[in-house]
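Peer 1: My structure file run-v8.tsv, TSV, C-alpha atoms, is below:
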```tsv
chain	number	residue	atom	x	y	z
A	1	MET	CA	27.22	-13.03	17.67
A	2	ALA	CA	24.77	-15.88	17.09
A	3	ILE	CA	23.58	-17.28	20.40
A	4	HIS	CA	20.68	-19.65	20.81
A	5	HIS	CA	19.36	-20.08	24.38
A	6	ASP	CA	18.51	-23.74	24.76
A	7	VAL	CA	17.82	-25.54	28.04
A	8	THR	CA	16.60	-28.80	26.53
A	9	VAL	CA	18.93	-31.77	26.96
A	10	ARG	CA	18.89	-33.43	23.53
A	11	PRO	CA	20.51	-36.80	22.85
A	12	LEU	CA	23.61	-36.66	20.67
A	13	ARG	CA	23.33	-38.37	17.30
A	14	LYS	CA	26.77	-39.92	17.39
A	15	LEU	CA	29.78	-40.35	19.60
A	16	LEU	CA	32.80	-38.27	18.68
A	17	ARG	CA	36.54	-38.69	18.58
A	18	ILE	CA	37.81	-35.41	20.04
A	19	ALA	CA	41.41	-34.21	20.17
A	20	VAL	CA	41.82	-31.93	23.21
A	21	VAL	CA	44.93	-29.74	23.21
A	22	THR	CA	45.97	-28.03	26.44
A	23	GLU	CA	49.03	-26.67	28.21
A	24	THR	CA	47.70	-27.47	31.69
A	25	TYR	CA	45.94	-30.48	33.16
A	26	PRO	CA	45.48	-32.15	36.58
A	27	PRO	CA	47.25	-32.82	38.89
A	28	GLU	CA	48.32	-29.23	38.22
A	29	ILE	CA	46.21	-26.97	40.44
A	30	ASN	CA	44.65	-23.98	38.70
A	31	GLY	CA	41.19	-23.06	37.49
A	32	VAL	CA	41.79	-24.07	33.87
A	33	ALA	CA	43.24	-27.48	34.77
A	34	MET	CA	40.52	-28.30	37.28
A	35	THR	CA	37.71	-27.23	34.94
A	36	LEU	CA	39.21	-29.15	32.02
A	37	GLY	CA	39.61	-32.26	34.16
A	38	ARG	CA	35.89	-32.18	34.92
A	39	MET	CA	34.96	-31.52	31.29
A	40	VAL	CA	37.11	-34.43	30.09
A	41	ASP	CA	35.51	-36.75	32.63
A	42	GLY	CA	32.08	-35.58	31.49
A	43	LEU	CA	32.85	-36.35	27.84
A	44	LEU	CA	34.25	-39.78	28.73
A	45	ARG	CA	31.12	-40.67	30.75
A	46	ARG	CA	29.07	-39.82	27.67
A	47	GLY	CA	31.05	-42.34	25.63
A	48	HIS	CA	33.22	-40.01	23.56
A	49	ASP	CA	36.73	-41.06	22.53
A	50	LEU	CA	39.37	-38.52	23.56
A	51	GLN	CA	42.94	-37.81	22.59
A	52	LEU	CA	44.64	-35.45	25.06
A	53	VAL	CA	47.67	-33.53	23.78
A	54	ARG	CA	49.63	-31.73	26.51
A	55	PRO	CA	53.21	-30.87	27.57
A	56	ARG	CA	55.11	-33.35	29.70
A	57	GLN	CA	54.72	-32.01	33.26
A	58	THR	CA	57.73	-33.75	34.88
A	59	PRO	CA	60.57	-35.97	33.63
A	60	GLU	CA	58.70	-38.94	35.12
A	61	ASP	CA	55.39	-38.03	33.48
A	62	ALA	CA	53.93	-40.89	31.45
A	63	ALA	CA	51.08	-40.87	28.95
A	64	ARG	CA	47.82	-42.63	29.83
A	65	ASN	CA	46.29	-44.77	27.10
A	66	SER	CA	43.08	-46.77	27.10
A	67	CYS	CA	43.47	-50.30	25.78
A	68	SER	CA	40.43	-50.32	23.52
A	69	GLY	CA	37.04	-48.77	22.91
A	70	ASN	CA	35.99	-45.32	24.04
A	71	GLY	CA	38.47	-43.83	26.44
A	72	ILE	CA	41.43	-41.49	26.58
A	73	GLU	CA	44.77	-41.49	24.79
A	74	GLU	CA	47.45	-39.05	25.88
A	75	VAL	CA	50.13	-37.57	23.65
A	76	LEU	CA	52.93	-35.75	25.47
A	77	VAL	CA	54.84	-32.94	23.76
A	78	ARG	CA	57.73	-30.68	24.72
A	79	GLY	CA	57.19	-27.63	26.89
A	80	LEU	CA	59.03	-24.89	28.78
A	81	PRO	CA	58.28	-23.36	32.21
A	82	ILE	CA	55.98	-20.32	32.30
A	83	PRO	CA	57.78	-17.37	33.96
A	84	GLY	CA	56.17	-16.54	37.30
A	85	TYR	CA	54.09	-19.72	37.33
A	86	ALA	CA	56.05	-22.39	39.16
A	87	GLY	CA	55.18	-25.90	38.02
A	88	LEU	CA	53.36	-24.84	34.85
A	89	LYS	CA	54.60	-25.07	31.27
A	90	PHE	CA	53.63	-23.82	27.85
A	91	GLY	CA	53.83	-26.21	24.94
A	92	LEU	CA	56.34	-25.55	22.19
A	93	PRO	CA	55.15	-25.18	18.56
A	94	ALA	CA	54.22	-28.60	17.17
A	95	LYS	CA	52.24	-28.05	13.96
A	96	GLY	CA	54.10	-30.69	11.96
A	97	GLN	CA	53.81	-33.27	14.74
A	98	LEU	CA	50.08	-32.63	15.10
A	99	ILE	CA	49.47	-32.85	11.35
A	100	ARG	CA	51.18	-36.25	11.25
A	101	LEU	CA	49.29	-37.38	14.34
A	102	TRP	CA	45.88	-36.42	12.97
A	103	GLU	CA	46.61	-37.61	9.44
A	104	SER	CA	47.22	-41.10	10.82
A	105	ARG	CA	43.89	-41.06	12.68
A	106	ARG	CA	41.60	-38.14	12.04
A	107	PRO	CA	39.60	-36.79	14.96
A	108	ASP	CA	36.05	-35.53	14.38
A	109	LEU	CA	36.98	-32.27	16.10
A	110	VAL	CA	39.97	-30.50	17.67
A	111	HIS	CA	39.27	-28.59	20.88
A	112	VAL	CA	41.98	-26.10	21.90
A	113	VAL	CA	41.94	-25.18	25.58
A	114	THR	CA	44.91	-22.83	25.99
A	115	GLU	CA	46.25	-20.09	23.76
A	116	GLY	CA	50.01	-20.63	23.92
A	117	PRO	CA	52.29	-21.80	21.08
A	118	LEU	CA	50.89	-25.34	21.30
A	119	GLY	CA	47.33	-24.04	21.01
A	120	TRP	CA	48.24	-21.93	17.99
A	121	SER	CA	49.89	-24.96	16.37
A	122	ALA	CA	46.77	-27.04	16.99
A	123	VAL	CA	44.49	-24.49	15.33
A	124	ALA	CA	46.88	-24.23	12.36
A	125	ALA	CA	47.14	-28.01	12.00
A	126	ALA	CA	43.36	-28.46	12.22
A	127	ARG	CA	42.76	-25.80	9.58
A	128	LYS	CA	45.40	-27.40	7.33
A	129	LEU	CA	43.60	-30.75	7.60
A	130	LYS	CA	40.16	-29.11	7.22
A	131	LEU	CA	39.08	-30.38	10.64
A	132	PRO	CA	36.47	-28.54	12.69
A	133	VAL	CA	38.16	-26.75	15.59
A	134	THR	CA	36.79	-25.10	18.72
A	135	SER	CA	38.61	-23.11	21.38
A	136	ASP	CA	38.19	-22.04	25.00
A	137	PHE	CA	38.74	-18.48	26.17
A	138	HIS	CA	39.97	-19.29	29.67
A	139	THR	CA	42.54	-16.70	30.69
A	140	ASN	CA	43.01	-13.00	30.10
A	141	PHE	CA	46.68	-13.27	29.14
A	142	HIS	CA	46.56	-9.79	27.63
A	143	SER	CA	45.51	-8.45	31.06
A	144	TYR	CA	48.20	-10.46	32.85
A	145	CYS	CA	50.97	-8.81	30.81
A	146	ARG	CA	50.97	-5.58	32.81
A	147	HIS	CA	51.25	-7.47	36.11
A	148	TYR	CA	54.48	-9.17	35.03
A	149	GLY	CA	56.31	-6.23	33.49
A	150	PHE	CA	55.18	-6.87	29.90
A	151	GLY	CA	52.56	-4.14	29.56
A	152	TRP	CA	54.03	-3.12	26.21
A	153	VAL	CA	52.86	-6.40	24.64
A	154	LYS	CA	49.19	-5.94	25.59
A	155	THR	CA	48.14	-4.65	22.15
A	156	PRO	CA	49.91	-7.34	20.10
A	157	MET	CA	48.76	-10.00	22.60
A	158	SER	CA	45.15	-8.88	22.19
A	159	ALA	CA	45.52	-9.11	18.42
A	160	TYR	CA	47.14	-12.55	18.71
A	161	LEU	CA	44.30	-13.90	20.89
A	162	ARG	CA	41.60	-12.50	18.63
A	163	LYS	CA	43.23	-13.98	15.53
A	164	LEU	CA	43.71	-17.38	17.18
A	165	HIS	CA	40.10	-17.63	18.34
A	166	ASN	CA	38.63	-16.28	15.12
A	167	ARG	CA	40.37	-19.09	13.24
A	168	SER	CA	38.32	-21.59	15.24
A	169	HIS	CA	34.74	-22.44	14.34
A	170	ALA	CA	33.51	-21.58	17.82
A	171	THR	CA	35.06	-19.91	20.86
A	172	LEU	CA	33.57	-21.11	24.16
A	173	VAL	CA	33.31	-18.54	26.96
A	174	PRO	CA	31.95	-19.08	30.50
A	175	THR	CA	29.72	-16.00	30.94
A	176	HIS	CA	27.37	-13.89	28.88
A	177	ALA	CA	29.13	-10.75	30.08
A	178	LEU	CA	32.43	-11.99	28.63
A	179	ALA	CA	30.70	-12.98	25.39
A	180	ARG	CA	29.40	-9.41	25.00
A	181	GLU	CA	32.84	-7.96	25.79
A	182	LEU	CA	34.63	-10.18	23.28
A	183	ASP	CA	31.94	-9.60	20.65
A	184	SER	CA	32.53	-5.85	20.92
A	185	ALA	CA	36.28	-6.51	20.56
A	186	GLY	CA	35.82	-8.29	17.23
A	187	TYR	CA	35.63	-11.94	18.30
A	188	GLN	CA	33.40	-14.15	16.16
A	189	ASN	CA	31.42	-17.38	16.61
A	190	LEU	CA	31.08	-17.10	20.40
A	191	ALA	CA	29.18	-19.69	22.44
A	192	VAL	CA	28.49	-19.56	26.18
A	193	VAL	CA	29.11	-22.73	28.16
A	194	SER	CA	29.03	-21.96	31.85
A	195	ARG	CA	30.92	-23.75	34.61
A	196	GLY	CA	29.47	-25.76	37.41
A	197	VAL	CA	30.11	-26.20	41.11
A	198	ASP	CA	30.13	-29.40	43.15
A	199	THR	CA	27.55	-28.59	45.82
A	200	GLU	CA	28.07	-31.97	47.48
A	201	LEU	CA	31.66	-30.92	48.13
A	202	PHE	CA	31.22	-27.17	48.65
A	203	ASN	CA	28.43	-26.48	51.12
A	204	PRO	CA	27.91	-24.86	54.54
A	205	GLY	CA	27.92	-28.27	56.22
A	206	ARG	CA	31.71	-28.42	55.75
A	207	ARG	CA	32.18	-25.73	58.39
A	208	SER	CA	34.61	-26.93	61.08
A	209	GLU	CA	34.99	-25.34	64.49
A	210	ALA	CA	38.04	-27.55	65.01
A	211	LEU	CA	39.68	-25.99	61.95
A	212	ARG	CA	38.74	-22.51	63.14
A	213	SER	CA	40.30	-23.36	66.50
A	214	ASP	CA	43.51	-24.27	64.65
A	215	TRP	CA	43.41	-20.76	63.18
A	216	GLY	CA	43.21	-19.37	66.71
A	217	VAL	CA	39.68	-18.00	66.39
A	218	GLY	CA	36.51	-18.51	68.39
A	219	PRO	CA	32.90	-19.10	67.29
A	220	GLN	CA	32.16	-15.36	67.13
A	221	THR	CA	35.33	-14.31	65.31
A	222	LEU	CA	34.70	-12.93	61.83
A	223	VAL	CA	37.05	-14.79	59.45
A	224	ILE	CA	37.69	-12.92	56.23
A	225	GLY	CA	39.06	-15.19	53.53
A	226	TYR	CA	40.65	-15.17	50.11
A	227	VAL	CA	41.18	-18.36	48.11
A	228	GLY	CA	43.33	-18.45	45.00
A	229	ARG	CA	46.76	-17.81	43.62
A	230	LEU	CA	48.83	-15.31	45.62
A	231	ALA	CA	49.99	-13.36	42.60
A	232	PRO	CA	49.97	-9.79	41.24
A	233	GLU	CA	47.15	-10.37	38.75
A	234	LYS	CA	44.75	-11.18	41.61
A	235	ASN	CA	44.75	-7.57	42.91
A	236	LEU	CA	45.49	-8.67	46.48
A	237	PRO	CA	46.41	-5.23	47.90
A	238	VAL	CA	42.66	-4.54	47.87
A	239	VAL	CA	42.14	-7.52	50.21
A	240	VAL	CA	44.83	-6.18	52.54
A	241	ASP	CA	43.32	-2.67	52.47
A	242	ALA	CA	39.80	-3.99	53.07
A	243	PHE	CA	40.92	-6.07	56.03
A	244	ALA	CA	42.79	-3.14	57.55
A	245	ALA	CA	39.66	-0.99	57.24
A	246	ILE	CA	37.53	-3.73	58.81
A	247	ARG	CA	39.97	-4.22	61.68
A	248	ALA	CA	39.82	-0.49	62.39
A	249	LYS	CA	36.11	-0.95	63.12
A	250	LEU	CA	36.02	-4.48	64.57
A	251	HIS	CA	38.53	-6.16	66.86
A	252	ASP	CA	37.53	-9.85	66.71
A	253	VAL	CA	38.51	-10.51	63.08
A	254	LYS	CA	40.99	-12.78	61.30
A	255	LEU	CA	42.41	-12.77	57.77
A	256	LEU	CA	42.80	-16.09	55.95
A	257	PHE	CA	44.74	-16.75	52.74
A	258	VAL	CA	44.31	-20.13	51.04
A	259	GLY	CA	46.69	-20.67	48.12
A	260	ASP	CA	50.27	-20.00	47.18
A	261	GLY	CA	52.26	-17.97	44.71
A	262	PRO	CA	54.99	-15.35	44.24
A	263	MET	CA	53.33	-12.79	46.56
A	264	ARG	CA	53.19	-15.05	49.59
A	265	GLY	CA	56.39	-13.68	51.13
A	266	SER	CA	55.37	-10.03	50.82
A	267	LEU	CA	51.88	-10.79	52.13
A	268	GLU	CA	53.29	-12.62	55.14
A	269	ALA	CA	55.45	-9.57	55.86
A	270	SER	CA	52.58	-7.10	55.57
A	271	CYS	CA	49.98	-9.32	57.30
A	272	PRO	CA	51.91	-11.07	60.10
A	273	ASP	CA	48.73	-12.02	62.00
A	274	ALA	CA	47.01	-13.64	59.01
A	275	VAL	CA	46.60	-17.38	58.54
A	276	PHE	CA	48.41	-18.69	55.46
A	277	ALA	CA	46.96	-22.13	54.78
A	278	GLY	CA	48.81	-22.85	51.53
A	279	MET	CA	47.39	-25.00	48.74
A	280	ARG	CA	44.34	-27.07	49.66
A	281	THR	CA	42.25	-29.51	47.64
A	282	GLY	CA	39.13	-31.65	47.93
A	283	SER	CA	37.25	-31.82	51.21
A	284	ASP	CA	40.10	-29.98	52.94
A	285	LEU	CA	39.63	-27.01	50.61
A	286	ALA	CA	35.85	-27.20	51.10
A	287	ALA	CA	36.31	-27.04	54.89
A	288	HIS	CA	38.54	-23.98	54.56
A	289	PHE	CA	35.89	-22.25	52.46
A	290	ALA	CA	32.97	-23.07	54.74
A	291	SER	CA	34.87	-22.23	57.93
A	292	ALA	CA	35.32	-18.59	56.84
A	293	ASP	CA	32.54	-15.99	56.99
A	294	LEU	CA	33.28	-13.24	54.49
A	295	PHE	CA	34.98	-13.87	51.14
A	296	LEU	CA	36.84	-11.08	49.32
A	297	PHE	CA	37.67	-11.55	45.64
A	298	PRO	CA	39.01	-8.39	43.97
A	299	SER	CA	40.53	-9.99	40.87
A	300	LEU	CA	39.92	-8.16	37.59
A	301	THR	CA	41.65	-10.67	35.32
A	302	GLU	CA	39.24	-13.63	35.60
A	303	THR	CA	37.29	-15.05	32.70
A	304	PHE	CA	35.11	-16.82	35.27
A	305	GLY	CA	36.58	-17.37	38.74
A	306	ASN	CA	35.63	-20.80	40.05
A	307	VAL	CA	36.30	-19.68	43.62
A	308	THR	CA	33.32	-17.30	43.39
A	309	THR	CA	30.88	-20.17	42.87
A	310	GLU	CA	32.65	-22.29	45.49
A	311	ALA	CA	32.40	-19.47	48.03
A	312	LEU	CA	28.70	-18.95	47.29
A	313	ALA	CA	28.00	-22.69	47.52
A	314	SER	CA	29.86	-22.75	50.85
A	315	GLY	CA	27.53	-20.14	52.31
A	316	LEU	CA	29.90	-17.19	52.53
A	317	GLY	CA	29.18	-13.51	52.20
A	318	VAL	CA	30.96	-12.60	48.94
A	319	VAL	CA	32.30	-9.20	47.92
A	320	ALA	CA	33.55	-9.03	44.33
A	321	TYR	CA	33.82	-6.72	41.38
A	322	ASP	CA	30.85	-6.82	39.01
A	323	CYS	CA	32.59	-8.91	36.38
A	324	ALA	CA	33.26	-12.55	35.44
A	325	ALA	CA	31.21	-15.07	37.45
A	326	ALA	CA	30.09	-12.46	39.96
A	327	ALA	CA	28.39	-10.45	37.20
A	328	ASP	CA	26.31	-13.46	36.17
A	329	LEU	CA	25.64	-14.99	39.59
A	330	ILE	CA	25.47	-12.25	42.25
A	331	THR	CA	22.54	-9.88	42.65
A	332	ASP	CA	23.98	-7.05	44.72
A	333	GLY	CA	22.46	-6.99	48.18
A	334	ARG	CA	20.64	-10.30	47.80
A	335	ASN	CA	23.20	-13.12	47.67
A	336	GLY	CA	26.40	-11.07	47.82
A	337	ARG	CA	27.88	-7.65	47.15
A	338	THR	CA	29.25	-6.41	43.85
A	339	VAL	CA	30.85	-3.06	43.06
A	340	PRO	CA	31.93	-1.43	39.79
A	341	PRO	CA	35.16	-2.89	38.37
A	342	CYS	CA	38.35	-1.03	39.32
A	343	ASP	CA	36.63	0.97	42.09
A	344	ALA	CA	38.85	-0.07	45.01
A	345	VAL	CA	37.28	2.49	47.33
A	346	ALA	CA	33.81	1.05	46.71
A	347	PHE	CA	35.15	-2.46	47.23
A	348	VAL	CA	36.65	-1.60	50.62
A	349	GLU	CA	33.51	0.27	51.67
A	350	ALA	CA	31.28	-2.69	50.72
A	351	ALA	CA	33.51	-5.10	52.65
A	352	VAL	CA	33.49	-2.91	55.76
A	353	ALA	CA	29.73	-2.35	55.62
A	354	LEU	CA	29.03	-6.07	55.30
A	355	ALA	CA	31.48	-6.98	58.07
A	356	ARG	CA	29.80	-4.51	60.45
A	357	ASP	CA	26.21	-5.50	59.58
A	358	ARG	CA	25.98	-9.04	60.92
A	359	LEU	CA	22.24	-9.25	60.10
A	360	GLN	CA	22.80	-8.47	56.42
A	361	LEU	CA	25.79	-10.80	56.33
A	362	HIS	CA	23.65	-13.59	57.79
A	363	GLN	CA	20.90	-12.94	55.20
A	364	LEU	CA	23.33	-12.99	52.27
A	365	ARG	CA	25.00	-16.15	53.55
A	366	SER	CA	21.66	-17.90	53.90
A	367	ARG	CA	20.79	-17.14	50.27
A	368	SER	CA	24.16	-17.75	48.62
A	369	PRO	CA	24.10	-21.59	48.39
A	370	GLY	CA	20.68	-21.63	46.72
A	371	SER	CA	21.80	-19.04	44.19
A	372	VAL	CA	24.24	-21.51	42.59
A	373	ALA	CA	22.26	-24.72	43.12
A	374	HIS	CA	21.34	-24.71	39.41
A	375	LEU	CA	24.98	-25.00	38.31
A	376	ASP	CA	24.93	-28.78	38.19
A	377	TRP	CA	28.03	-30.13	36.47
A	378	GLU	CA	26.10	-32.78	34.54
A	379	GLU	CA	24.00	-30.10	32.85
A	380	ILE	CA	27.18	-28.18	32.04
A	381	HIS	CA	28.72	-31.34	30.55
A	382	ASP	CA	25.62	-31.92	28.41
A	383	CYS	CA	25.82	-28.37	27.09
A	384	PHE	CA	29.54	-28.70	26.32
A	385	ALA	CA	29.06	-31.99	24.47
A	386	ARG	CA	26.09	-30.61	22.50
A	387	THR	CA	28.05	-27.52	21.48
A	388	LEU	CA	30.95	-29.60	20.16
A	389	ALA	CA	28.55	-31.93	18.33
A	390	GLU	CA	26.78	-28.97	16.71
A	391	VAL	CA	30.11	-27.60	15.43
A	392	VAL	CA	30.89	-31.00	13.87
A	393	ALA	CA	27.42	-31.20	12.33
A	394	THR	CA	27.65	-27.63	10.99
A	395	HIS	CA	31.09	-28.33	9.53
A	396	ASP	CA	29.78	-31.45	7.78
A	397	ARG	CA	26.74	-29.64	6.31
A	398	PRO	CA	26.79	-27.21	3.39
A	399	ALA	CA	27.22	-23.67	4.71
A	400	ARG	CA	24.04	-21.77	5.55
A	401	PRO	CA	23.60	-18.29	6.97
A	402	GLN	CA	24.01	-17.49	10.66
A	403	GLN	CA	24.50	-20.91	12.22
A	404	GLU	CA	23.55	-20.93	15.90
A	405	LEU	CA	25.18	-22.76	18.75
A	406	ALA	CA	23.38	-24.16	21.80
A	407	VAL	CA	24.43	-22.42	24.99
A	408	MET	CA	23.46	-22.23	28.65
A	409	PRO	CA	20.68	-19.75	29.44
A	410	GLU	CA	21.23	-16.41	31.13
```
Can the structure in the file be given as structure tokens, please?

Peer 2:
Amino acid sequence: MAIHHDVTVRPLRKLLRIAVVTETYPPEINGVAMTLGRMVDGLLRRGHDLQLVRPRQTPEDAARNSCSGNGIEEVLVRGLPIPGYAGLKFGLPAKGQLIRLWESRRPDLVHVVTEGPLGWSAVAAARKLKLPVTSDFHTNFHSYCRHYGFGWVKTPMSAYLRKLHNRSHATLVPTHALARELDSAGYQNLAVVSRGVDTELFNPGRRSEALRSDWGVGPQTLVIGYVGRLAPEKNLPVVVDAFAAIRAKLHDVKLLFVGDGPMRGSLEASCPDAVFAGMRTGSDLAAHFASADLFLFPSLTETFGNVTTEALASGLGVVAYDCAAAADLITDGRNGRTVPPCDAVAFVEAAVALARDRLQLHQLRSRSPGSVAHLDWEEIHDCFARTLAEVVATHDRPARPQQELAVMPE
């Protein structure tokens, strides 16, 4: 795995025409869509010309097209709903359509965001046309299979993902820990491009006593929050168990769920006193983060977990498994608590200990915003753009041994 640690912001030699292929995009609300929306905006601000290929989200969905110059052109393709994910679609195979599209106007590079049939078609079309192609490893679909009754497809799904990504000239991953894991699993040409956090939006100053009052809690009540999809792959029984253990020791506590999904009904039945805030965005979401005190995130299927950085930036005490973003960003006992992956007992014990030790919780909360202050989105955008430009430059040059890609530092 060739990785070059480079913190210097170098000017790009030329602007690129980039075809971005994805099966999710704003206004859809999920980590991949929200991250991609920011990355696209970052490329556009740097003057690159983008073509966005995605499934039509609704019958009324219309493609956006810039009139002239550098901007964005959308191409909408057919898609089908993703089982268990209301409102999301996967794109149908479209290799022939993409070949014709890119033959008529060749992009400098094809960037594939999602790994469904549309993503596979995009990689195949790019290779057919001898175009440089990069890919994102965003979602552990092979891990999701067992949560939706398809555990038997885990092995072939893992092989499918590895083959798809190894056909690209670079696979972009958000953490060094994930890069090491994928490298050991046979993935090639890995580059680390981290993700940022909007500290102007997510910060302790968003805390609202009025919002807490709406939840029925007072200034001294310990609010224990989870933010994210309410779905099996998020390992939410651990949140429920941790809260029950905390409530056995402390009486003035409240459980908060922000998000929606197929488990909402069962969670409402098992946690009748919890606050279910539903989907929140923007400053409203930021206020919900900052108005909690302790953040529990037991997911084991994340490639990153944007909510971890948002919780840290909001000044919460975070308890998470030592994987994904938490592995890169949390030093156990300094700016949060991490426990070994899959150790639910350790997770519950860490949550209870932190809830009972208000002094330690205060110390962790005071350090957490500063621990992610370096994750400025503009620096992330620069790194992303440089990585794509280096793939184009490498593709245009005669092959030489062990090409290195610029990545964010550890």

Peer 1: Excluding Gly42 of chain A and any residue of its chain fewer than 3 positions from it, enumerate the residues within 10 Å of it, using all atoms listed in the file, and give them as number ranges by chain.

Peer 2: A: 36-39, 45-48, 377-382, 384-385

Peer 1: Could you save those same residues with C-alpha atoms as a short mmCIF file (atom, residue, chain, number, x, y, z; two decimals), keeping the file's coordinate frame?

Peer 2:
```cif
data_model
loop_
_atom_site.label_atom_id
_atom_site.label_comp_id
_atom_site.auth_asym_id
_atom_site.auth_seq_id
_atom_site.Cartn_x
_atom_site.Cartn_y
_atom_site.Cartn_z
CA LEU A 36 39.21 -29.15 32.02
CA GLY A 37 39.61 -32.26 34.16
CA ARG A 38 35.89 -32.18 34.92
CA MET A 39 34.96 -31.52 31.29
CA ARG A 45 31.12 -40.67 30.75
CA ARG A 46 29.07 -39.82 27.67
CA GLY A 47 31.05 -42.34 25.63
CA HIS A 48 33.22 -40.01 23.56
CA TRP A 377 28.03 -30.13 36.47
CA GLU A 378 26.10 -32.78 34.54
CA GLU A 379 24.00 -30.10 32.85
CA ILE A 380 27.18 -28.18 32.04
CA HIS A 381 28.72 -31.34 30.55
CA ASP A 382 25.62 -31.92 28.41
CA PHE A 384 29.54 -28.70 26.32
CA ALA A 385 29.06 -31.99 24.47
#
```

Peer 1: Just to confirm, what's the straight-line distance from atom CA of Thr221 of chain A to atom CA of Ala351 of chain A in Å (one decimal)?

Peer 2: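 If I compute the distance from atom CA of Thr221 of chain A to atom CA of Ala351 of chain A, I get 15.8 Å.
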
Peer 1: Counting only C-alpha atoms, which residues sit no farther than 12 Å from the position (43.8, -28.3, 10.2) in the file's frame? I'd like them as a ChimeraX atom specification.

Peer 2: /A:19,95-96,98-103,106-111,120-134,167-169

Peer 1: Leaving out Val345 of chain A and any residue of its chain fewer than 2 positions from it, which residues lie within 12 Å of it when counting all atoms listed in the file, given as a PyMOL selection string?

Peer 2: chain A and resi 237-239+241-242+245+298+321+339-343+347-352

Peer 1: Considering all atoms listed in the file, state which residue in the set A:Pro174, A:Gly186, A:Gly370, A:Gly305 is at the smallest distance from Ser158 of chain A.

Peer 2: A:Gly186

Peer 1: Using Å and a single decimal, report how far atom CA of Val227 of chain A sits from atom CA of Asn203 of chain A.

Peer 2: 15.4 Å

Peer 1: Quick one: residues within 9 Å of Ala277 of chain A, only C-alpha atoms, excluding same-chain residues fewer than 3 positions away - as a tab-separated table (two decimals) with C-alpha atoms, in the coordinates of the input?

Peer 2:
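As a result, selection-v5.tsv now contains:
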```
chain	number	residue	atom	x	y	z
A	256	LEU	CA	42.80	-16.09	55.95
A	257	PHE	CA	44.74	-16.75	52.74
A	258	VAL	CA	44.31	-20.13	51.04
A	259	GLY	CA	46.69	-20.67	48.12
A	260	ASP	CA	50.27	-20.00	47.18
A	280	ARG	CA	44.34	-27.07	49.66
A	288	HIS	CA	38.54	-23.98	54.56
```
